>>> print(open('run.cif').read())   # mmCIF, C-alpha atoms
data_query
#
loop_
_atom_site.label_atom_id
_atom_site.label_comp_id
_atom_site.auth_asym_id
_atom_site.auth_seq_id
_atom_site.Cartn_x
_atom_site.Cartn_y
_atom_site.Cartn_z
CA MET A 1 -58.49 -48.26 9.71
CA HIS A 2 -55.05 -47.34 8.38
CA ILE A 3 -52.98 -44.83 10.37
CA TYR A 4 -53.43 -42.32 7.54
CA ASP A 5 -57.20 -42.48 8.02
CA TYR A 6 -56.94 -41.71 11.75
CA LEU A 7 -54.57 -38.83 11.10
CA ASN A 8 -56.60 -37.48 8.19
CA THR A 9 -59.74 -37.42 10.34
CA TYR A 10 -57.91 -35.71 13.20
CA TYR A 11 -56.19 -33.02 11.16
CA THR A 12 -59.27 -32.34 9.04
CA THR A 13 -61.37 -31.66 12.15
CA HIS A 14 -58.70 -30.19 14.46
CA ASN A 15 -57.34 -26.68 13.81
CA GLU A 16 -53.64 -27.45 14.15
CA HIS A 17 -52.64 -24.07 12.72
CA ALA A 18 -54.42 -22.29 15.57
CA ARG A 19 -52.76 -24.43 18.26
CA LEU A 20 -49.50 -22.49 18.17
CA GLY A 21 -51.26 -19.16 17.68
CA SER A 22 -52.76 -18.86 21.17
CA ARG A 23 -50.70 -17.16 23.88
CA HIS A 24 -50.05 -20.45 25.66
CA GLY A 25 -49.36 -22.22 22.34
CA SER A 26 -46.91 -19.51 21.33
CA VAL A 27 -44.52 -20.61 24.08
CA GLU A 28 -43.78 -23.83 22.19
CA PHE A 29 -43.49 -21.92 18.91
CA LEU A 30 -41.24 -19.17 20.29
CA THR A 31 -39.00 -21.69 22.04
CA THR A 32 -38.54 -23.74 18.88
CA VAL A 33 -37.82 -20.65 16.77
CA ARG A 34 -35.37 -19.37 19.38
CA TYR A 35 -33.27 -22.53 19.12
CA VAL A 36 -33.50 -22.85 15.34
CA GLU A 37 -32.30 -19.28 14.96
CA ARG A 38 -29.16 -20.10 16.97
CA TYR A 39 -28.01 -22.33 14.12
CA LEU A 40 -29.23 -20.46 11.04
CA THR A 41 -26.63 -19.01 8.71
CA PRO A 42 -27.46 -16.41 6.05
CA ASP A 43 -27.44 -18.97 3.22
CA ALA A 44 -29.08 -21.85 5.13
CA ARG A 45 -31.47 -24.21 3.35
CA ILE A 46 -34.24 -25.69 5.50
CA CYS A 47 -36.25 -28.88 5.20
CA GLU A 48 -39.36 -29.33 7.33
CA ILE A 49 -40.62 -32.90 7.48
CA GLY A 50 -44.21 -33.16 8.69
CA THR A 51 -44.84 -29.45 8.23
CA GLY A 52 -48.55 -29.58 9.07
CA THR A 53 -50.07 -26.32 7.87
CA GLY A 54 -46.63 -24.76 7.59
CA ARG A 55 -46.43 -22.39 10.54
CA TYR A 56 -42.65 -22.88 10.87
CA ALA A 57 -41.99 -23.28 7.14
CA HIS A 58 -43.77 -20.02 6.34
CA TYR A 59 -42.15 -18.22 9.26
CA PHE A 60 -38.64 -18.97 8.02
CA ALA A 61 -39.46 -18.61 4.32
CA GLN A 62 -40.89 -15.15 4.97
CA LYS A 63 -37.52 -14.27 6.49
CA GLY A 64 -35.88 -15.22 3.19
CA TYR A 65 -34.71 -18.77 3.89
CA PRO A 66 -35.53 -21.33 1.17
CA VAL A 67 -37.68 -24.06 2.71
CA ASP A 68 -38.69 -27.43 1.25
CA ALA A 69 -41.60 -28.86 3.22
CA VAL A 70 -43.02 -32.39 3.32
CA GLU A 71 -46.47 -33.26 4.66
CA LEU A 72 -48.50 -36.47 4.70
CA ILE A 73 -52.05 -35.09 5.09
CA GLU A 74 -53.68 -33.55 2.02
CA HIS A 75 -55.87 -31.20 4.07
CA ASN A 76 -52.80 -29.71 5.73
CA ILE A 77 -51.16 -29.21 2.34
CA GLU A 78 -54.25 -27.34 1.14
CA VAL A 79 -54.07 -25.02 4.16
CA PHE A 80 -50.31 -24.65 3.67
CA ASN A 81 -50.79 -23.56 0.05
CA SER A 82 -53.55 -21.12 1.00
CA LEU A 83 -51.13 -19.40 3.40
CA THR A 84 -48.22 -19.17 0.94
CA GLN A 85 -47.46 -15.58 -0.02
CA PRO A 86 -46.41 -14.54 -3.54
CA GLY A 87 -42.66 -14.89 -3.97
CA GLU A 88 -42.21 -16.85 -0.77
CA PRO A 89 -39.24 -19.27 -1.22
CA VAL A 90 -41.11 -22.35 -0.05
CA THR A 91 -42.23 -25.63 -1.61
CA VAL A 92 -44.44 -28.37 -0.22
CA ARG A 93 -45.04 -31.91 -1.41
CA GLN A 94 -46.83 -34.92 -0.03
CA GLY A 95 -44.61 -37.53 1.55
CA ASP A 96 -44.00 -39.90 4.43
CA ALA A 97 -41.25 -39.12 6.96
CA ARG A 98 -40.13 -42.76 6.85
CA ASP A 99 -39.29 -42.62 3.13
CA LEU A 100 -37.95 -39.37 1.69
CA GLY A 101 -36.39 -40.93 -1.39
CA PHE A 102 -37.38 -37.87 -3.45
CA LEU A 103 -34.95 -35.75 -1.37
CA ALA A 104 -31.22 -35.99 -2.06
CA ASP A 105 -28.61 -36.89 0.54
CA ASN A 106 -26.79 -34.06 2.34
CA SER A 107 -29.06 -31.31 1.00
CA TYR A 108 -30.07 -29.15 3.99
CA ASP A 109 -28.39 -27.11 6.70
CA ILE A 110 -31.40 -27.28 9.02
CA THR A 111 -33.91 -30.14 9.16
CA LEU A 112 -37.09 -29.86 11.21
CA LEU A 113 -38.82 -33.09 12.23
CA LEU A 114 -41.49 -31.47 14.38
CA GLY A 115 -44.53 -33.68 13.89
CA PRO A 116 -43.82 -37.19 12.60
CA MET A 117 -42.51 -38.65 15.87
CA TYR A 118 -45.90 -37.87 17.42
CA HIS A 119 -47.50 -40.45 15.13
CA LEU A 120 -45.02 -43.31 14.76
CA TYR A 121 -45.70 -46.25 17.04
CA THR A 122 -42.88 -48.74 16.51
CA GLU A 123 -39.19 -48.35 17.18
CA ALA A 124 -38.47 -49.41 13.60
CA ASP A 125 -40.62 -46.61 12.15
CA GLN A 126 -39.24 -44.07 14.61
CA ARG A 127 -35.67 -44.98 13.67
CA ARG A 128 -36.51 -44.81 9.96
CA ALA A 129 -37.84 -41.26 10.34
CA LEU A 130 -34.77 -40.18 12.31
CA THR A 131 -32.43 -41.85 9.81
CA GLU A 132 -34.13 -40.15 6.87
CA ALA A 133 -33.96 -36.73 8.56
CA ILE A 134 -30.24 -37.27 9.18
CA ARG A 135 -29.64 -38.52 5.62
CA VAL A 136 -31.02 -35.39 3.95
CA THR A 137 -29.04 -33.09 6.28
CA ARG A 138 -25.55 -31.95 5.36
CA PRO A 139 -22.64 -33.01 7.58
CA GLY A 140 -22.46 -30.37 10.28
CA GLY A 141 -26.12 -29.50 9.79
CA VAL A 142 -28.58 -29.48 12.66
CA ILE A 143 -31.74 -31.58 13.11
CA PHE A 144 -34.61 -30.61 15.42
CA THR A 145 -36.93 -33.44 16.49
CA ALA A 146 -40.09 -32.91 18.56
CA TYR A 147 -41.69 -35.42 20.92
CA CYS A 148 -44.84 -35.71 23.04
CA MET A 149 -43.89 -36.72 26.56
CA ASN A 150 -45.41 -39.51 28.63
CA ASP A 151 -45.63 -38.09 32.12
CA ALA A 152 -47.10 -34.71 31.32
CA THR A 153 -49.79 -36.62 29.46
CA VAL A 154 -50.44 -38.82 32.51
CA VAL A 155 -50.92 -35.74 34.70
CA CYS A 156 -53.09 -33.95 32.16
CA PHE A 157 -55.36 -36.71 30.88
CA LEU A 158 -55.52 -39.10 33.82
CA PHE A 159 -55.77 -36.60 36.63
CA GLN A 160 -56.55 -33.07 35.45
CA ARG A 161 -59.17 -34.34 32.98
CA GLU A 162 -60.11 -37.33 35.15
CA GLY A 163 -59.35 -39.96 32.52
CA ILE A 164 -58.34 -42.17 35.44
CA HIS A 165 -62.03 -43.16 35.58
CA ASP A 166 -62.31 -43.86 31.84
CA PRO A 167 -61.77 -47.55 30.92
CA HIS A 168 -60.33 -46.55 27.54
CA PHE A 169 -57.60 -44.38 29.07
CA ARG A 170 -56.94 -46.86 31.86
CA ALA A 171 -56.31 -49.60 29.31
CA LEU A 172 -53.43 -47.56 27.85
CA VAL A 173 -51.53 -47.24 31.13
CA ASP A 174 -49.22 -49.63 32.95
CA PHE A 175 -50.18 -48.71 36.51
CA ASP A 176 -46.93 -50.08 37.93
CA THR A 177 -44.79 -47.63 35.94
CA PHE A 178 -47.40 -45.19 34.57
CA LYS A 179 -45.96 -45.68 31.11
CA CYS A 180 -48.60 -45.16 28.44
CA SER A 181 -48.91 -47.30 25.35
CA SER A 182 -49.90 -45.76 22.05
CA ASN A 183 -51.82 -47.06 19.05
CA PRO A 184 -52.83 -45.42 15.77
CA GLU A 185 -56.41 -44.92 16.97
CA ASP A 186 -55.06 -43.00 19.97
CA LEU A 187 -53.07 -40.76 17.60
CA PHE A 188 -50.12 -39.70 19.76
CA ALA A 189 -47.01 -41.70 20.57
CA LEU A 190 -45.67 -40.83 24.02
CA TYR A 191 -42.04 -40.91 25.12
CA ARG A 192 -39.80 -40.75 28.12
CA ARG A 193 -36.29 -39.30 27.93
CA GLU A 194 -34.62 -42.71 28.24
CA GLU A 195 -36.63 -43.98 25.25
CA ILE A 196 -35.51 -41.03 23.15
CA ASP A 197 -31.91 -41.65 24.20
CA ALA A 198 -32.25 -45.29 23.16
CA LEU A 199 -33.60 -44.29 19.74
CA MET A 200 -30.61 -42.00 19.19
CA ASP A 201 -28.05 -44.58 20.26
CA GLY A 202 -25.62 -45.35 17.46
CA LEU A 203 -26.85 -42.66 15.05
CA PRO A 204 -24.13 -40.47 13.50
CA VAL A 205 -25.04 -37.34 15.45
CA THR A 206 -23.99 -35.30 18.48
CA ARG A 207 -26.69 -33.91 20.77
CA LEU A 208 -26.57 -30.14 21.30
CA HIS A 209 -29.66 -29.52 23.45
CA PHE A 210 -32.66 -31.32 24.91
CA VAL A 211 -35.37 -28.73 25.51
CA GLY A 212 -38.80 -28.62 27.10
CA THR A 213 -40.70 -26.40 24.69
CA ASP A 214 -43.72 -25.70 26.88
CA MET A 215 -42.67 -26.85 30.38
CA ALA A 216 -45.26 -25.56 32.91
CA THR A 217 -47.32 -23.76 30.29
CA ASN A 218 -49.87 -26.45 29.46
CA TYR A 219 -50.64 -27.00 33.13
CA MET A 220 -51.83 -23.41 33.46
CA ARG A 221 -53.15 -22.40 30.07
CA PRO A 222 -55.83 -19.97 31.38
CA THR A 223 -53.25 -18.24 33.56
CA VAL A 224 -50.83 -17.80 30.67
CA ASP A 225 -53.57 -16.66 28.30
CA ALA A 226 -54.69 -14.01 30.83
CA MET A 227 -51.21 -12.50 31.31
CA ASP A 228 -50.63 -8.95 30.16
CA ASP A 229 -47.71 -8.41 27.80
CA ALA A 230 -45.21 -7.43 30.51
CA THR A 231 -46.06 -10.46 32.65
CA PHE A 232 -45.89 -12.77 29.65
CA ASP A 233 -42.45 -11.42 28.76
CA GLU A 234 -41.27 -12.20 32.30
CA TYR A 235 -42.85 -15.65 32.09
CA LEU A 236 -40.94 -16.31 28.85
CA ARG A 237 -37.69 -15.24 30.54
CA TYR A 238 -38.37 -17.77 33.31
CA HIS A 239 -39.34 -20.45 30.79
CA PHE A 240 -36.16 -19.96 28.76
CA ALA A 241 -34.11 -20.10 31.97
CA ILE A 242 -35.43 -23.55 32.92
CA CYS A 243 -36.26 -25.24 29.62
CA GLU A 244 -32.98 -27.21 29.46
CA ARG A 245 -32.76 -28.07 33.15
CA ALA A 246 -32.41 -31.85 33.41
CA ASP A 247 -34.40 -31.94 36.65
CA MET A 248 -37.38 -30.19 35.05
CA VAL A 249 -37.52 -30.99 31.35
CA GLY A 250 -39.46 -34.22 31.90
CA THR A 251 -42.46 -32.19 33.07
CA SER A 252 -42.88 -30.69 29.60
CA HIS A 253 -45.70 -31.85 27.32
CA HIS A 254 -43.47 -31.30 24.28
CA THR A 255 -39.71 -31.58 23.97
CA LEU A 256 -37.19 -30.74 21.28
CA ASP A 257 -34.11 -32.90 20.72
CA ILE A 258 -31.46 -30.90 18.86
CA PHE A 259 -28.44 -32.64 17.37
CA ARG A 260 -25.72 -32.05 14.80
CA LYS A 261 -24.96 -34.50 12.01
CA ASP A 262 -21.42 -35.81 12.38
CA GLY A 263 -18.92 -35.67 9.57
#
>>> encode(input="run.cif", output="structure tokens")
Amino acid sequence: MHIYDYLNTYYTTHNEHARLGSRHGSVEFLTTVRYVERYLTPDARICEIGTGTGRYAHYFAQKGYPVDAVELIEHNIEVFNSLTQPGEPVTVRQGDARDLGFLADNSYDITLLLGPMYHLYTEADQRRALTEAIRVTRPGGVIFTAYCMNDATVVCFLFQREGIHDPHFRALVDFDTFKCSSNPEDLFALYRREEIDALMDGLPVTRLHFVGTDMATNYMRPTVDAMDDATFDEYLRYHFAICERADMVGTSHHTLDIFRKDG
């Protein structure tokens, strides 16, 4: 099967839009929005590459920011269009993060690359997606790139969910280093911080933040979902206080690399 077929099957059967709508899922969403809003200016133009069903694109468009979204999976585009409100300044078109030739150089103040790095399995493809996101961003603009992290996945799938006993999961793990390999049929590419740093080496950007967008949250989903509003607000305060701590960020399931285009 082609990678598109694996992804199409997954996103047709998995409710991605609902993932960020739960209380525990909202931590990732609220953290990402919090950092994007630090760098928004009143006239900012936004590009979201790999928009999925458009939760972020619609959020910012409904606040008046023009957003051009790109998505690979047709089903997600259908959901995206069904959620578009009349007059919303948002467009969506089908495209591959590795080749955005239909978008002009230096066009956007904010570029969101929040899904594609989850599903690119070679360094060459990963660098192509990063390079394209940088190309379409104006000098001085800010790019936000999301990753799925290796070690949180080891804890969750090997130990919490007992995948350690599953030959399929065991075959994906180097048990000397506990680094996981990833293939298209396994859907998600997994990273460690040093691998992300290596990908960024030599690119014309300056890192601003490296953020754990869910940190402890996914280890205790039922606890977070059961919190009353006041407790959840305090939990968010704690989360925001630790989400850039270098000694803790590697525990996060999802991270956000935030960097400014030089020039």
>>> residues_around(input="run.cif", residues="Pro66 (chain A)", least_positions_apart="3", cutoff="6 Å", atoms="all atoms listed in the file", output="NGL selection string")
:A and (45 or 61 or 89-90)
>>> residues_around(input="run.cif", residues="Phe232 (chain A)", least_positions_apart="6", cutoff="12 Å", atoms="only C-alpha atoms", output="MDAnalysis selection string")
chainID A and resid 23:24 26:27 217 223:226 238:239
>>> closest_atom_pairs(input="run.cif", of="region 180-215 of chain A", to="region 130-146 of chain A", cutoff="10 Å", atoms="only C-alpha atoms", output="tab-separated table")
residue	atom	partner	partner_atom	distance
A:Leu199	CA	A:Leu130	CA	8.6
A:Met200	CA	A:Leu130	CA	8.2
A:Leu203	CA	A:Thr131	CA	7.7
A:Pro204	CA	A:Ile134	CA	8.1
A:Val205	CA	A:Ile134	CA	8.1
A:Thr206	CA	A:Val142	CA	9.4
A:Arg207	CA	A:Val142	CA	9.4
A:Leu208	CA	A:Val142	CA	8.9
A:His209	CA	A:Phe144	CA	9.5
A:Phe210	CA	A:Thr145	CA	9.7
A:Val211	CA	A:Ala146	CA	9.4
A:Gly212	CA	A:Ala146	CA	9.6
A:Thr213	CA	A:Ala146	CA	9.0
>>> write_last_selection(input="run.cif", atoms="C-alpha atoms", output="PDB file, in the coordinates of the input")
ATOM      1  CA  LEU A 199     -33.600 -44.290  19.740  1.00  0.00           C
ATOM      2  CA  MET A 200     -30.610 -42.000  19.190  1.00  0.00           C
ATOM      3  CA  LEU A 203     -26.850 -42.660  15.050  1.00  0.00           C
ATOM      4  CA  PRO A 204     -24.130 -40.470  13.500  1.00  0.00           C
ATOM      5  CA  VAL A 205     -25.040 -37.340  15.450  1.00  0.00           C
ATOM      6  CA  THR A 206     -23.990 -35.300  18.480  1.00  0.00           C
ATOM      7  CA  ARG A 207     -26.690 -33.910  20.770  1.00  0.00           C
ATOM      8  CA  LEU A 208     -26.570 -30.140  21.300  1.00  0.00           C
ATOM      9  CA  HIS A 209     -29.660 -29.520  23.450  1.00  0.00           C
ATOM     10  CA  PHE A 210     -32.660 -31.320  24.910  1.00  0.00           C
ATOM     11  CA  VAL A 211     -35.370 -28.730  25.510  1.00  0.00           C
ATOM     12  CA  GLY A 212     -38.800 -28.620  27.100  1.00  0.00           C
ATOM     13  CA  THR A 213     -40.700 -26.400  24.690  1.00  0.00           C
TER      14      THR A 213
END
>>> closest_residue(input="run.cif", among="A:His119, A:Asp166, A:Thr51, A:Arg192", to="Arg93 (chain A)", atoms="only C-alpha atoms")
A:Thr51
>>> atom_distance(input="run.cif", atom1="CA of Leu172 (chain A)", atom2="CA of Ala216 (chain A)")
24.0 Å
>>> residues_around(input="run.cif", residues="Arg193 (chain A)", least_positions_apart="5", cutoff="9 Å", atoms="all atoms listed in the file", output="PDB file with C-alpha atoms, keeping the file's coordinate frame")
ATOM      1  CA  MET A 149     -43.890 -36.720  26.560  1.00  0.00           C
ATOM      2  CA  ALA A 198     -32.250 -45.290  23.160  1.00  0.00           C
ATOM      3  CA  GLY A 250     -39.460 -34.220  31.900  1.00  0.00           C
TER       4      GLY A 250
END
>>> closest_residue(input="run.cif", among="A:Tyr39, A:Tyr65, A:Tyr219, A:Arg161", to="Gly87 (chain A)", atoms="all atoms listed in the file")
A:Tyr65
>>> resolve_selection(input="run.cif", expression="the PyMOL selection byres ((chain A and resi 183) around 9)", output="PDB file with C-alpha atoms, in the frame of the given file")
ATOM      1  CA  HIS A 119     -47.500 -40.450  15.130  1.00  0.00           C
ATOM      2  CA  LEU A 120     -45.020 -43.310  14.760  1.00  0.00           C
ATOM      3  CA  TYR A 121     -45.700 -46.250  17.040  1.00  0.00           C
ATOM      4  CA  LEU A 172     -53.430 -47.560  27.850  1.00  0.00           C
ATOM      5  CA  SER A 181     -48.910 -47.300  25.350  1.00  0.00           C
ATOM      6  CA  SER A 182     -49.900 -45.760  22.050  1.00  0.00           C
ATOM      7  CA  PRO A 184     -52.830 -45.420  15.770  1.00  0.00           C
ATOM      8  CA  GLU A 185     -56.410 -44.920  16.970  1.00  0.00           C
ATOM      9  CA  ASP A 186     -55.060 -43.000  19.970  1.00  0.00           C
ATOM     10  CA  LEU A 187     -53.070 -40.760  17.600  1.00  0.00           C
ATOM     11  CA  PHE A 188     -50.120 -39.700  19.760  1.00  0.00           C
ATOM     12  CA  ALA A 189     -47.010 -41.700  20.570  1.00  0.00           C
TER      13      ALA A 189
END
>>> atom_distance(input="run.cif", atom1="CA of Arg237 (chain A)", atom2="CA of Asp257 (chain A)")
20.5 Å
>>> axis_aligned_box(input="run.cif", around="region 30-36 of chain A", padding_each_side="5 Å", output="AutoDock Vina command-line options")
--center_x -37.3 --center_y -21.5 --center_z 18.7 --size_x 18.0 --size_y 14.6 --size_z 16.7
>>> build_atoms(input="run.cif", residues="region 45-72 of chain A", atoms="N, CA and C atoms", output="mmCIF file, in the frame of the given file")
data_model
loop_
_atom_site.group_PDB
_atom_site.id
_atom_site.type_symbol
_atom_site.label_atom_id
_atom_site.label_comp_id
_atom_site.auth_asym_id
_atom_site.auth_seq_id
_atom_site.Cartn_x
_atom_site.Cartn_y
_atom_site.Cartn_z
ATOM 1 N N ARG A 45 -30.304 -23.572 3.961
ATOM 2 C CA ARG A 45 -31.470 -24.210 3.350
ATOM 3 C C ARG A 45 -32.139 -25.070 4.419
ATOM 4 N N ILE A 46 -33.469 -25.023 4.448
ATOM 5 C CA ILE A 46 -34.240 -25.690 5.500
ATOM 6 C C ILE A 46 -35.158 -26.728 4.880
ATOM 7 N N CYS A 47 -35.249 -27.876 5.538
ATOM 8 C CA CYS A 47 -36.250 -28.880 5.200
ATOM 9 C C CYS A 47 -37.133 -29.070 6.421
ATOM 10 N N GLU A 48 -38.443 -29.006 6.225
ATOM 11 C CA GLU A 48 -39.360 -29.330 7.330
ATOM 12 C C GLU A 48 -40.162 -30.567 6.954
ATOM 13 N N ILE A 49 -39.963 -31.619 7.715
ATOM 14 C CA ILE A 49 -40.620 -32.900 7.480
ATOM 15 C C ILE A 49 -41.808 -33.011 8.427
ATOM 16 N N GLY A 50 -43.001 -33.185 7.873
ATOM 17 C CA GLY A 50 -44.210 -33.160 8.690
ATOM 18 C C GLY A 50 -44.565 -31.731 9.041
ATOM 19 N N THR A 51 -44.677 -30.899 8.029
ATOM 20 C CA THR A 51 -44.840 -29.450 8.230
ATOM 21 C C THR A 51 -46.205 -29.062 8.758
ATOM 22 N N GLY A 52 -47.188 -29.961 8.679
ATOM 23 C CA GLY A 52 -48.550 -29.580 9.070
ATOM 24 C C GLY A 52 -49.060 -28.508 8.131
ATOM 25 N N THR A 53 -49.572 -27.422 8.695
ATOM 26 C CA THR A 53 -50.070 -26.320 7.870
ATOM 27 C C THR A 53 -48.983 -25.311 7.543
ATOM 28 N N GLY A 54 -47.763 -25.565 8.023
ATOM 29 C CA GLY A 54 -46.630 -24.760 7.590
ATOM 30 C C GLY A 54 -46.292 -23.562 8.447
ATOM 31 N N ARG A 55 -46.701 -23.569 9.721
ATOM 32 C CA ARG A 55 -46.430 -22.390 10.540
ATOM 33 C C ARG A 55 -44.929 -22.100 10.605
ATOM 34 N N TYR A 56 -44.102 -23.108 10.823
ATOM 35 C CA TYR A 56 -42.650 -22.880 10.870
ATOM 36 C C TYR A 56 -42.085 -22.645 9.479
ATOM 37 N N ALA A 57 -42.513 -23.443 8.501
ATOM 38 C CA ALA A 57 -41.990 -23.280 7.140
ATOM 39 C C ALA A 57 -42.247 -21.873 6.623
ATOM 40 N N HIS A 58 -43.459 -21.372 6.804
ATOM 41 C CA HIS A 58 -43.770 -20.020 6.340
ATOM 42 C C HIS A 58 -43.010 -18.964 7.134
ATOM 43 N N TYR A 59 -42.862 -19.184 8.425
ATOM 44 C CA TYR A 59 -42.150 -18.220 9.260
ATOM 45 C C TYR A 59 -40.726 -18.008 8.724
ATOM 46 N N PHE A 60 -40.026 -19.101 8.464
ATOM 47 C CA PHE A 60 -38.640 -18.970 8.020
ATOM 48 C C PHE A 60 -38.548 -18.550 6.555
ATOM 49 N N ALA A 61 -39.476 -19.030 5.718
ATOM 50 C CA ALA A 61 -39.460 -18.610 4.320
ATOM 51 C C ALA A 61 -39.719 -17.112 4.188
ATOM 52 N N GLN A 62 -40.602 -16.589 5.030
ATOM 53 C CA GLN A 62 -40.890 -15.150 4.970
ATOM 54 C C GLN A 62 -39.720 -14.305 5.459
ATOM 55 N N LYS A 63 -38.754 -14.953 6.108
ATOM 56 C CA LYS A 63 -37.520 -14.270 6.490
ATOM 57 C C LYS A 63 -36.429 -14.439 5.419
ATOM 58 N N GLY A 64 -36.793 -15.106 4.319
ATOM 59 C CA GLY A 64 -35.880 -15.220 3.190
ATOM 60 C C GLY A 64 -35.146 -16.534 3.064
ATOM 61 N N TYR A 65 -35.386 -17.476 3.979
ATOM 62 C CA TYR A 65 -34.710 -18.770 3.890
ATOM 63 C C TYR A 65 -35.487 -19.709 2.971
ATOM 64 N N PRO A 66 -34.828 -20.347 2.008
ATOM 65 C CA PRO A 66 -35.530 -21.330 1.170
ATOM 66 C C PRO A 66 -35.891 -22.554 2.007
ATOM 67 N N VAL A 67 -37.157 -22.951 1.920
ATOM 68 C CA VAL A 67 -37.680 -24.060 2.710
ATOM 69 C C VAL A 67 -38.366 -25.059 1.793
ATOM 70 N N ASP A 68 -37.979 -26.330 1.900
ATOM 71 C CA ASP A 68 -38.690 -27.430 1.250
ATOM 72 C C ASP A 68 -39.441 -28.186 2.336
ATOM 73 N N ALA A 69 -40.761 -28.242 2.202
ATOM 74 C CA ALA A 69 -41.600 -28.860 3.220
ATOM 75 C C ALA A 69 -42.206 -30.156 2.694
ATOM 76 N N VAL A 70 -42.409 -31.095 3.618
ATOM 77 C CA VAL A 70 -43.020 -32.390 3.320
ATOM 78 C C VAL A 70 -44.161 -32.590 4.298
ATOM 79 N N GLU A 71 -45.311 -33.043 3.799
ATOM 80 C CA GLU A 71 -46.470 -33.260 4.660
ATOM 81 C C GLU A 71 -47.275 -34.448 4.147
ATOM 82 N N LEU A 72 -47.761 -35.260 5.065
ATOM 83 C CA LEU A 72 -48.500 -36.470 4.700
ATOM 84 C C LEU A 72 -49.965 -36.185 4.393
#
